[in-house]
file structure-v8.txt (compact mmCIF, C-alpha atoms and all ligand atoms)
# COMPACT_ATOMS: atom_id res chain seq x y z
CA MET A 167 -13.87 -3.63 -14.56
CA SER A 168 -12.23 -1.19 -12.13
CA ASP A 169 -8.47 -1.28 -11.61
CA VAL A 170 -8.69 -2.55 -8.03
CA VAL A 171 -10.84 -5.50 -9.16
CA GLU A 172 -8.49 -6.26 -12.04
CA ARG A 173 -5.48 -6.26 -9.67
CA PHE A 174 -7.29 -8.36 -7.09
CA LEU A 175 -8.25 -11.05 -9.63
CA ARG A 176 -4.66 -11.27 -10.90
CA TYR A 177 -3.26 -11.70 -7.37
CA ALA A 178 -5.98 -14.14 -6.33
CA GLU A 179 -5.25 -16.43 -9.27
CA ILE A 180 -1.76 -17.11 -7.94
CA ALA A 181 -2.24 -19.69 -5.19
CA SER A 182 0.23 -18.66 -2.48
CA MET A 183 -0.66 -20.54 0.68
CA SER A 184 1.77 -20.55 3.56
CA ASP A 185 2.72 -23.95 4.97
CA PRO A 186 2.60 -24.51 8.74
CA ASP A 187 4.76 -27.63 8.31
CA ASN A 188 7.58 -25.59 6.83
CA GLU A 189 7.55 -22.63 9.15
CA ARG A 190 11.31 -22.62 9.74
CA GLN A 191 11.78 -21.32 6.24
CA THR A 192 10.50 -17.89 5.13
CA PRO A 193 8.70 -17.89 2.84
CA SER A 194 7.34 -21.31 3.75
CA THR A 195 6.27 -21.91 0.13
CA PRO A 196 8.01 -20.87 -3.12
CA SER A 197 4.71 -19.74 -4.62
CA GLN A 198 4.81 -16.67 -2.37
CA PHE A 199 7.72 -15.43 -4.50
CA ASP A 200 5.44 -15.66 -7.55
CA VAL A 201 2.91 -13.28 -6.11
CA ALA A 202 5.68 -11.08 -4.64
CA GLU A 203 7.12 -10.57 -8.15
CA VAL A 204 3.75 -9.62 -9.61
CA VAL A 205 3.04 -7.21 -6.77
CA ALA A 206 6.52 -5.64 -7.06
CA ASN A 207 6.06 -5.14 -10.80
CA ASP A 208 2.75 -3.40 -10.14
CA LEU A 209 4.42 -1.13 -7.60
CA VAL A 210 7.05 -0.17 -10.19
CA ASP A 211 4.29 0.41 -12.75
CA VAL A 212 2.37 2.81 -10.53
CA GLY A 213 5.58 4.73 -9.78
CA ALA A 214 6.61 3.63 -6.28
CA GLU A 215 10.21 4.26 -5.16
CA ASP A 216 12.83 1.73 -4.04
CA VAL A 217 10.66 -1.29 -4.77
CA ARG A 218 12.34 -4.35 -3.36
CA VAL A 219 11.64 -8.08 -3.02
CA ASP A 220 14.07 -9.54 -0.48
CA GLU A 221 15.26 -13.12 -0.06
CA HIS A 222 12.28 -13.86 2.22
CA ALA A 223 9.68 -12.57 -0.28
CA TYR A 224 9.06 -9.32 1.62
CA VAL A 225 7.96 -6.64 -0.85
CA THR A 226 8.67 -3.08 0.31
CA ALA A 227 8.45 0.32 -1.36
CA HIS A 228 8.09 4.01 -0.59
CA TRP A 229 6.03 6.85 -1.93
CA PRO A 230 7.28 10.42 -1.50
CA ALA A 231 5.18 12.96 0.41
CA SER A 232 3.07 15.52 -1.42
CA PRO A 233 4.45 19.09 -1.46
CA GLY A 234 4.32 20.61 2.02
CA ALA A 235 3.98 17.26 3.84
CA GLU A 236 7.64 16.23 3.55
CA SER A 237 8.45 16.82 7.22
CA LEU A 238 5.49 14.81 8.56
CA PRO A 239 5.87 11.27 9.93
CA CYS A 240 5.96 8.46 7.39
CA LEU A 241 2.76 6.38 7.37
CA GLY A 242 3.05 2.60 6.93
CA LEU A 243 0.52 0.40 5.13
CA LEU A 244 0.78 -3.38 5.22
CA ALA A 245 -0.96 -6.41 3.82
CA HIS A 246 0.10 -10.04 3.47
CA ILE A 247 0.70 -12.00 0.29
CA ASP A 248 0.21 -15.52 1.64
CA THR A 249 -3.17 -17.14 2.07
CA ALA A 250 -4.31 -19.73 4.58
CA TRP A 251 -3.22 -23.28 3.73
CA GLN A 252 -6.76 -24.54 3.03
CA ALA A 253 -6.12 -23.57 -0.61
CA GLU A 254 -3.87 -26.65 -0.93
CA ASP A 255 -1.94 -24.68 -3.56
CA ASN A 256 -4.44 -25.64 -6.24
CA PRO A 257 -5.02 -23.05 -8.92
CA VAL A 258 -7.53 -20.47 -7.71
CA HIS A 259 -10.33 -19.63 -10.13
CA PRO A 260 -11.81 -16.31 -9.02
CA ARG A 261 -14.93 -15.13 -10.80
CA ILE A 262 -17.45 -12.34 -10.46
CA VAL A 263 -21.12 -13.18 -9.92
CA ARG A 264 -24.17 -10.96 -9.47
CA TYR A 265 -25.75 -11.88 -6.14
CA GLY A 266 -29.53 -12.05 -6.35
CA GLY A 267 -30.24 -12.98 -2.71
CA GLY A 268 -30.65 -16.44 -1.11
CA ASP A 269 -27.86 -18.94 -1.78
CA LEU A 270 -24.53 -17.68 -3.03
CA VAL A 271 -23.18 -20.69 -4.93
CA MET A 272 -19.43 -21.07 -5.38
CA GLY A 273 -19.53 -24.31 -7.31
CA GLU A 274 -19.93 -28.06 -7.16
CA VAL A 275 -17.14 -30.23 -5.78
CA GLU A 276 -17.45 -34.03 -5.90
CA GLY A 277 -21.22 -33.80 -6.07
CA ARG A 278 -21.48 -31.33 -3.19
CA ILE A 279 -22.77 -27.82 -3.79
CA ILE A 280 -20.45 -25.31 -2.08
CA LYS A 281 -22.59 -22.35 -1.10
CA THR A 282 -23.36 -19.87 1.62
CA SER A 283 -26.46 -17.86 2.44
CA PRO A 284 -27.61 -15.05 4.77
CA ALA A 285 -28.74 -17.81 7.17
CA ASP A 286 -25.15 -18.82 7.95
CA ASN A 287 -23.60 -15.50 6.96
CA PRO A 288 -25.93 -12.61 7.90
CA THR A 289 -23.79 -9.84 6.34
CA LEU A 290 -24.35 -11.42 2.92
CA ALA A 291 -27.85 -9.94 3.00
CA ASN A 292 -26.22 -6.50 2.58
CA TYR A 293 -25.02 -7.42 -0.90
CA VAL A 294 -28.22 -8.32 -2.74
CA GLY A 295 -27.91 -6.96 -6.28
CA ASP A 296 -24.12 -6.50 -5.95
CA GLU A 297 -21.23 -8.02 -7.82
CA ILE A 298 -19.38 -10.48 -5.60
CA ILE A 299 -16.09 -12.28 -6.25
CA VAL A 300 -16.06 -15.99 -5.38
CA THR A 301 -14.10 -19.07 -6.48
CA ASP A 302 -15.40 -22.25 -8.10
CA GLY A 303 -15.62 -23.86 -4.65
CA THR A 304 -12.44 -25.94 -4.98
CA THR A 305 -10.20 -23.48 -3.11
CA LEU A 306 -10.41 -20.46 -0.91
CA LEU A 307 -10.36 -17.08 -2.65
CA GLY A 308 -7.43 -15.49 -0.83
CA GLY A 309 -9.20 -12.16 -0.35
CA ASP A 310 -7.46 -12.50 3.00
CA ASP A 311 -5.31 -10.71 2.26
CA LYS A 312 -4.94 -10.05 -1.45
CA ALA A 313 -7.87 -7.65 -1.17
CA GLY A 314 -5.66 -5.54 1.12
CA VAL A 315 -2.74 -5.75 -1.31
CA ALA A 316 -4.89 -4.66 -4.27
CA GLU A 317 -6.48 -1.81 -2.29
CA ILE A 318 -3.15 -0.35 -1.15
CA ILE A 319 -1.54 -0.49 -4.60
CA THR A 320 -4.65 0.98 -6.22
CA MET A 321 -4.59 3.80 -3.67
CA LEU A 322 -1.01 4.57 -4.77
CA ALA A 323 -2.14 4.54 -8.41
CA ARG A 324 -4.80 7.07 -7.43
CA LEU A 325 -2.17 9.32 -5.83
CA ALA A 326 -0.06 9.07 -8.99
CA ALA A 327 -3.01 9.99 -11.19
CA ASP A 328 -3.98 13.03 -9.11
CA PRO A 329 -0.98 15.01 -7.80
CA SER A 330 -3.33 17.36 -5.94
CA LEU A 331 -4.12 14.62 -3.38
CA PRO A 332 -2.26 15.33 -0.11
CA HIS A 333 -0.36 12.60 1.72
CA PRO A 334 2.73 12.13 3.91
CA ARG A 335 5.60 9.89 2.89
CA ILE A 336 4.14 6.39 2.69
CA ALA A 337 5.95 3.10 3.31
CA VAL A 338 4.24 -0.05 2.04
CA ALA A 339 5.06 -3.65 2.91
CA PHE A 340 3.53 -6.84 1.55
CA VAL A 341 4.69 -9.65 3.78
CA PRO A 342 4.75 -13.47 3.55
CA ASP A 343 3.63 -16.19 5.99
CA GLU A 344 1.24 -14.07 8.04
CA GLU A 345 -1.15 -17.01 8.34
CA ILE A 346 1.48 -19.11 10.11
CA GLY A 347 2.45 -16.38 12.54
CA HIS A 348 5.46 -14.72 10.86
CA GLY A 349 4.14 -11.88 8.73
CA ALA A 350 6.01 -8.68 9.45
CA SER A 351 8.42 -10.31 11.93
CA LEU A 352 11.43 -10.03 9.59
CA LEU A 353 10.56 -6.53 8.40
CA ASP A 354 13.47 -4.14 9.05
CA LEU A 355 11.54 -1.30 10.68
CA ASP A 356 14.43 1.18 10.65
CA ALA A 357 14.94 0.79 6.93
CA TRP A 358 11.20 0.82 6.31
CA GLY A 359 10.91 4.10 8.18
CA ALA A 360 7.24 4.34 9.15
CA THR A 361 6.33 6.02 12.44
CA TRP A 362 2.95 4.30 12.62
CA GLY A 363 0.67 2.57 10.22
CA TYR A 364 -2.21 0.26 9.45
CA THR A 365 -2.58 -3.30 8.34
CA VAL A 366 -5.34 -3.68 5.75
CA ASP A 367 -6.29 -7.23 6.65
CA GLY A 368 -9.69 -7.10 8.36
CA GLY A 369 -13.11 -8.37 7.36
CA TYR A 370 -16.36 -6.53 6.81
CA ILE A 371 -16.03 -2.97 5.55
CA GLY A 372 -15.71 -0.26 8.21
CA GLU A 373 -13.51 -2.20 10.60
CA CYS A 374 -10.80 -0.45 12.59
CA SER A 375 -9.61 -2.94 15.20
CA TYR A 376 -6.95 -2.36 17.80
CA GLU A 377 -7.53 -5.16 20.27
CA THR A 378 -6.22 -8.67 19.81
CA PHE A 379 -5.81 -11.74 21.93
CA ASN A 380 -2.88 -12.36 24.21
CA ALA A 381 -1.52 -15.62 22.87
CA ALA A 382 0.68 -18.47 24.04
CA GLU A 383 1.59 -21.83 22.59
CA ALA A 384 2.15 -24.73 24.96
CA LYS A 385 3.98 -27.89 23.91
CA ILE A 386 3.25 -30.89 26.07
CA TYR A 387 5.71 -33.77 25.82
CA ALA A 388 4.90 -37.16 27.31
CA ARG A 389 7.30 -40.03 27.90
CA GLY A 390 5.51 -43.26 28.65
CA ALA A 391 6.57 -46.77 29.51
CA ALA A 392 5.51 -49.35 26.92
CA VAL A 393 5.02 -52.92 28.09
CA HIS A 394 3.11 -55.90 26.70
CA PRO A 395 -0.51 -54.83 27.29
CA GLY A 396 -1.41 -58.27 28.61
CA TYR A 397 1.13 -57.93 31.43
CA ALA A 398 0.97 -54.16 31.89
CA LYS A 399 -0.73 -53.86 35.23
CA GLY A 400 1.15 -51.45 37.42
CA LEU A 401 3.90 -51.10 34.83
CA MET A 402 2.61 -49.37 31.73
CA VAL A 403 2.47 -45.59 31.47
CA ASN A 404 0.59 -44.61 28.32
CA ALA A 405 1.94 -41.30 26.99
CA VAL A 406 -1.20 -40.65 24.89
CA GLU A 407 -3.44 -41.21 27.92
CA ALA A 408 -1.34 -38.82 29.97
CA ILE A 409 -1.97 -35.98 27.52
CA MET A 410 -5.67 -36.82 27.32
CA LYS A 411 -5.84 -36.57 31.12
CA VAL A 412 -4.40 -33.06 30.92
CA ASN A 413 -6.99 -32.10 28.31
CA ALA A 414 -9.77 -33.46 30.52
CA LEU A 415 -8.62 -31.25 33.39
CA LEU A 416 -8.96 -28.05 31.33
CA PRO A 417 -12.32 -26.24 31.54
CA GLN A 418 -14.55 -28.09 29.08
CA LYS A 419 -16.50 -25.07 27.84
CA GLU A 420 -13.50 -22.81 27.38
CA ARG A 421 -12.72 -24.09 23.92
CA PRO A 422 -12.92 -22.39 20.52
CA GLU A 423 -16.20 -24.08 19.61
CA TYR A 424 -17.94 -22.73 22.72
CA THR A 425 -16.53 -19.18 22.91
CA GLU A 426 -17.00 -15.81 21.21
CA GLY A 427 -16.52 -12.07 21.78
CA ARG A 428 -14.12 -11.51 24.63
CA GLU A 429 -14.16 -15.08 25.90
CA GLY A 430 -10.78 -16.75 25.90
CA TYR A 431 -10.02 -20.43 25.35
CA TYR A 432 -7.68 -23.41 25.39
CA PHE A 433 -7.36 -25.24 22.10
CA MET A 434 -5.74 -28.68 21.89
CA GLU A 435 -4.71 -27.97 18.34
CA ARG A 436 -2.60 -30.97 17.54
CA MET A 437 -1.70 -34.27 19.14
CA GLU A 438 0.27 -37.29 18.06
CA GLY A 439 2.01 -40.22 19.61
CA SER A 440 2.02 -43.73 20.95
CA CYS A 441 2.24 -45.41 24.34
CA GLU A 442 5.96 -44.66 24.46
CA HIS A 443 6.06 -41.04 23.32
CA ALA A 444 3.40 -38.42 22.64
CA GLN A 445 3.24 -34.72 22.18
CA ALA A 446 0.56 -32.11 21.85
CA THR A 447 0.26 -28.43 21.05
CA CYS A 448 -2.25 -26.48 23.07
CA ILE A 449 -2.79 -22.81 22.30
CA ILE A 450 -4.08 -20.34 24.87
CA ARG A 451 -5.95 -17.16 23.94
CA ASP A 452 -7.41 -14.35 26.06
CA HIS A 453 -7.96 -10.62 25.54
CA ASP A 454 -7.39 -9.91 29.23
CA ARG A 455 -3.77 -10.13 30.30
CA ALA A 456 -4.47 -11.24 33.87
CA SER A 457 -6.76 -14.08 32.87
CA PHE A 458 -4.29 -15.03 30.12
CA GLU A 459 -1.63 -15.50 32.80
CA GLU A 460 -4.18 -17.42 34.88
CA ARG A 461 -4.83 -19.81 31.98
CA LYS A 462 -1.14 -20.59 31.68
CA ARG A 463 -1.08 -21.40 35.39
CA THR A 464 -4.16 -23.64 35.02
CA LEU A 465 -2.45 -25.64 32.29
CA ALA A 466 0.75 -25.97 34.33
CA GLU A 467 -1.27 -27.17 37.32
CA ALA A 468 -3.08 -29.76 35.17
CA VAL A 469 0.26 -31.10 33.97
CA ALA A 470 1.59 -31.23 37.54
CA GLN A 471 -1.56 -33.01 38.72
CA VAL A 472 -1.28 -35.72 36.05
CA ASN A 473 2.41 -36.22 36.87
CA ALA A 474 1.49 -36.60 40.53
CA GLU A 475 -1.27 -39.10 39.70
CA LEU A 476 1.06 -41.17 37.56
CA GLY A 477 3.78 -40.97 40.16
CA CYS A 478 6.43 -39.97 37.62
CA GLU A 479 7.67 -37.00 35.64
CA CYS A 480 6.02 -38.38 32.52
CA LEU A 481 4.94 -34.94 31.23
CA THR A 482 6.97 -31.87 30.50
CA LEU A 483 5.50 -28.55 29.48
CA ARG A 484 7.02 -25.70 27.49
CA VAL A 485 5.01 -22.52 27.14
CA ARG A 486 5.97 -19.70 24.82
CA ASP A 487 4.15 -16.36 24.62
CA GLN A 488 3.37 -15.57 20.99
CA TYR A 489 1.92 -12.07 21.08
CA TYR A 490 0.00 -9.68 23.33
CA ASN A 491 -3.11 -7.56 23.02
CA MET A 492 -2.06 -4.45 21.09
CA ARG A 493 -4.56 -2.15 22.80
CA GLU A 494 -2.09 -0.75 25.33
CA GLY A 495 0.32 0.13 22.52
CA ILE A 496 -2.34 1.86 20.41
CA GLU A 497 -4.11 3.91 23.06
CA PRO A 498 -1.41 6.59 23.38
CA HIS A 499 -1.96 7.21 19.65
CA ARG A 500 -5.73 7.64 19.55
CA HIS A 501 -5.46 9.55 16.26
CA LEU A 502 -4.87 6.23 14.51
CA ILE A 503 -8.38 5.17 15.44
CA GLU A 504 -9.99 8.60 15.13
CA ASN A 505 -8.56 9.26 11.66
CA ALA A 506 -9.53 5.83 10.40
CA CYS A 507 -13.09 6.24 11.67
CA ALA A 508 -13.29 9.73 10.13
CA ALA A 509 -12.05 8.36 6.79
CA PHE A 510 -14.74 5.67 6.78
CA GLU A 511 -17.42 8.20 7.65
CA ALA A 512 -16.22 10.58 4.93
CA CYS A 513 -16.81 7.71 2.47
CA GLY A 514 -20.30 6.99 3.82
CA ILE A 515 -19.27 3.84 5.69
CA GLU A 516 -20.12 3.24 9.32
CA PRO A 517 -16.92 2.49 11.24
CA TYR A 518 -16.79 -0.16 13.94
CA SER A 519 -14.23 -1.78 16.15
CA GLU A 520 -14.31 -5.24 17.62
CA PRO A 521 -11.87 -7.30 19.63
CA VAL A 522 -10.06 -9.48 17.11
CA ARG A 523 -10.20 -13.17 18.05
CA GLY A 524 -6.70 -13.71 16.84
CA GLY A 525 -3.55 -11.73 16.32
CA THR A 526 -2.65 -9.35 13.57
CA ASP A 527 0.63 -8.34 12.03
CA GLY A 528 -0.08 -4.91 13.41
CA GLY A 529 -0.25 -6.33 16.93
CA ARG A 530 3.30 -7.62 16.65
CA LEU A 531 4.44 -4.35 15.05
CA THR A 532 2.81 -2.38 17.85
CA PHE A 533 4.96 -4.27 20.34
CA ARG A 534 8.03 -3.51 18.24
CA GLY A 535 7.22 0.20 18.63
CA LEU A 536 5.17 0.81 15.49
CA PRO A 537 1.54 1.31 16.52
CA CYS A 538 -0.59 -0.30 13.87
CA PRO A 539 -4.36 -0.96 14.04
CA ASN A 540 -6.09 -3.18 11.49
CA LEU A 541 -8.51 -1.92 8.83
CA SER A 542 -11.08 -3.91 6.89
CA ALA A 543 -9.96 -5.40 3.59
CA GLY A 544 -13.41 -6.80 2.74
CA SER A 545 -12.70 -10.55 2.76
CA MET A 546 -15.72 -12.42 4.13
CA ASN A 547 -15.76 -16.08 5.29
CA PRO A 548 -11.96 -16.29 5.01
CA HIS A 549 -9.88 -19.47 5.27
CA GLY A 550 -12.30 -21.68 3.38
CA PRO A 551 -13.94 -22.24 0.00
CA LYS A 552 -16.95 -20.09 0.92
CA GLU A 553 -14.86 -16.95 1.02
CA TYR A 554 -16.13 -13.97 -0.95
CA VAL A 555 -15.27 -10.31 -1.55
CA ALA A 556 -17.78 -7.70 -2.75
CA VAL A 557 -16.61 -5.54 -5.65
CA ARG A 558 -17.99 -2.40 -4.04
CA ASP A 559 -16.01 -3.03 -0.84
CA LEU A 560 -12.76 -3.32 -2.78
CA GLU A 561 -13.56 -0.04 -4.51
CA ALA A 562 -14.71 1.69 -1.32
CA MET A 563 -11.55 0.73 0.58
CA VAL A 564 -9.45 2.51 -2.06
CA ASP A 565 -11.47 5.71 -1.41
CA VAL A 566 -11.08 5.23 2.35
CA LEU A 567 -7.29 4.84 2.06
CA VAL A 568 -7.01 7.94 -0.15
CA ASP A 569 -8.97 9.92 2.43
CA LEU A 570 -6.96 8.46 5.31
CA VAL A 571 -3.51 9.28 3.91
CA GLY A 572 -4.85 12.80 3.28
CA ARG A 573 -5.53 13.18 7.00
CA TYR A 574 -1.88 12.34 7.73
CA ALA A 575 -0.75 15.14 5.44
CA ARG A 576 -1.91 17.56 8.16
CA ALA A 577 0.36 18.31 11.10
CA GLN A 578 -0.02 15.27 13.28
CA ALA A 579 2.47 15.94 16.02
CA ALA A 580 0.12 18.44 17.60
CA VAL A 581 -2.37 15.67 18.43
CA ASP A 582 0.12 12.96 19.36
CA PRO A 583 1.79 13.65 22.71
CA ALA A 584 3.88 10.52 22.33
CA LEU A 585 5.34 11.82 19.10
CA GLU A 586 5.92 15.32 20.47
CA GLY A 587 8.20 13.67 23.01
CA ASP A 588 10.07 11.94 20.19
CA LEU A 589 10.49 15.16 18.26
CA GLU A 590 11.78 16.99 21.32
CA SER A 591 14.32 14.29 22.04
CA GLN A 592 15.42 14.34 18.40
CA ALA A 593 15.83 18.11 18.57
CA ALA A 594 17.88 17.73 21.75
ZN ZN A 601 -5.15 -12.00 6.87
call {"tool": "encode", "arguments": {"input": "structure-v8.txt", "output": "structure tokens", "more": "lines below"}}
Ligand SMILES: [Zn+2]
result
Amino acid sequence: MSDVVERFLRYAEIASMSDPDNERQTPSTPSQFDVAEVVANDLVDVGAEDVRVDEHAYVTAHWPASPGAESLPCLGLLAHIDTAWQAEDNPVHPRIVRYGGGDLVMGEVEGRIIKTSPADNPTLANYVGDEIIVTDGTTLLGGDDKAGVAEIITMLARLAADPSLPHPRIAVAFVPDEEIGHGASLLDLDAWGATWGYTVDGGYIGECSYETFNAAEAKIYARGAAVHPGYAKGLMVNAVEAIMKVNALLPQKERPEYTEGREGYYFMERMEGSCEHAQATCIIRDHDRASFEERKRTLAEAVAQVNAELGCECLTLRVRDQYYNMREGIEPHRHLIENACAAFEACGIEPYSEPVRGGTDGGRLTFRGLPCPNLSAGSMNPHGPKEYVAVRDLEAMVDVLVDLVGRYARAQAAVDPALEGDLESQAA
């Protein structure tokens, strides 16, 4: 078994879901400290410098530049240690199977066979004859994003084993609670010291993505008037009904289950209440900033219309922007995309880029001034028990990362006008 596979299996076995119901606390689950400790020990073992696990389960470390590359910008690499909450914190039982084509069976759960096939997952057809890591079907695998964690640490082990490999100073961060929207938010970027970087948290091998949704979360609060239903005519205002009226006014086909590619949506994610009080969370997603703003207006108008119909201020709306499309922050640093694509090609992998239908940690970092596209980690079918990771993708991503850090050991400032400006202002 290769070292990246061995590391991945050890990390995957530690169930470390984040918990959306405990998002005020970071990490949202104590089990994230368990995986943080294991990851930190591995970083010490491979020889990383200033390895640290902080009180929020952020694992950070540095790796000194190879001779001659000391003055070049520090490159950041990030992955997240939490998994989606569908794991229910049950023990994860990862195992390696040889895929012979047709159904890929994870296991049997309460009489149901948990399986996937090229029919519902076309990329699976690329792995006939390969070793694939799956669970027993009772949990997700957590390749999202423990594959990324294992790949980055194994890349460092490769640098330690071969001092002739060139690389700039590298900063690594393994962050908690990415799946519930925190991720790198508490990372101290000044102390971490990277000029730019990559998250290794994407899907199918070859991915270099730098476009995400623009995202907002809307909370709709409804205050009704409860009266005996038999004598309610003209008196009752049903808070639950009021929110349902808002939902009915939103475009019916612009919902997650009807959209793909660059199509945005409204998603009534959560709703609870009674006649007296109700509340709902509606999330808004769109790659295009103008139509994102338009969607927020549409929702506000729907709320106003229902209030007008009911003749009272039954509904209140609070909208909070969560993150923005990172594209505008990446484009001035095209080398991040060009170098990643070149590294994939050098390893015989066809690079591709697609608009991410979500956000990434890198998107938030980009808006904090650290441009950070997202690279494939190799987790397929994430967030459910049918998740799988191919052994050869884990191994290939280590080669890609070794090649990529090598490219940043060459003078980069010459191809990054944005950075040249920085260097000039530092000199002044
Ligand atoms: Zn992820």
call {"tool": "residues_near_ligand", "arguments": {"input": "structure-v8.txt", "ligand": "ligand ZN 601 (chain A)", "cutoff": "7 Å", "atoms": "only C-alpha atoms and all ligand atoms", "output": "JSON, numbers by chain"}}
result
{"A": [246, 310, 311, 344, 345, 367, 368]}
call {"tool": "residues_around", "arguments": {"input": "structure-v8.txt", "residues": "A:Pro342", "least_positions_apart": "3", "cutoff": "7 Å", "atoms": "all atoms listed in the file", "output": "short mmCIF file (atom, residue, chain, number, x, y, z; two decimals) with C-alpha atoms, in the coordinates of the input"}}
result
data_model
loop_
_atom_site.label_atom_id
_atom_site.label_comp_id
_atom_site.auth_asym_id
_atom_site.auth_seq_id
_atom_site.Cartn_x
_atom_site.Cartn_y
_atom_site.Cartn_z
CA PRO A 193 8.70 -17.89 2.84
CA GLN A 198 4.81 -16.67 -2.37
CA ALA A 223 9.68 -12.57 -0.28
CA TYR A 224 9.06 -9.32 1.62
CA HIS A 246 0.10 -10.04 3.47
CA ILE A 247 0.70 -12.00 0.29
CA ASP A 248 0.21 -15.52 1.64
CA GLY A 349 4.14 -11.88 8.73
#
call {"tool": "closest_residue", "arguments": {"input": "structure-v8.txt", "among": "A:Gly477, A:Pro334, A:Pro521, A:Gly267", "to": "A:Cys374", "atoms": "all atoms listed in the file"}}
result
A:Pro521
call {"tool": "closest_residue", "arguments": {"input": "structure-v8.txt", "among": "A:Pro332, A:Pro230, A:Pro257, A:Gly525", "to": "A:Val568", "atoms": "all atoms listed in the file"}}
result
A:Pro332
call {"tool": "residues_near_point", "arguments": {"input": "structure-v8.txt", "point": "(-0.1, -17.4, 34.7)", "cutoff": "12 Å", "atoms": "only C-alpha atoms", "output": "ChimeraX atom specification"}}
result
/A:380,382,450,452,454-467,485-487
call {"tool": "residues_around", "arguments": {"input": "structure-v8.txt", "residues": "A:Ala556", "least_positions_apart": "3", "cutoff": "12 Å", "atoms": "all atoms listed in the file", "output": "VMD selection string"}}
result
chain A and resid 170 to 171 174 261 to 265 289 to 300 307 309 313 369 to 371 543 to 547 553 559 to 563
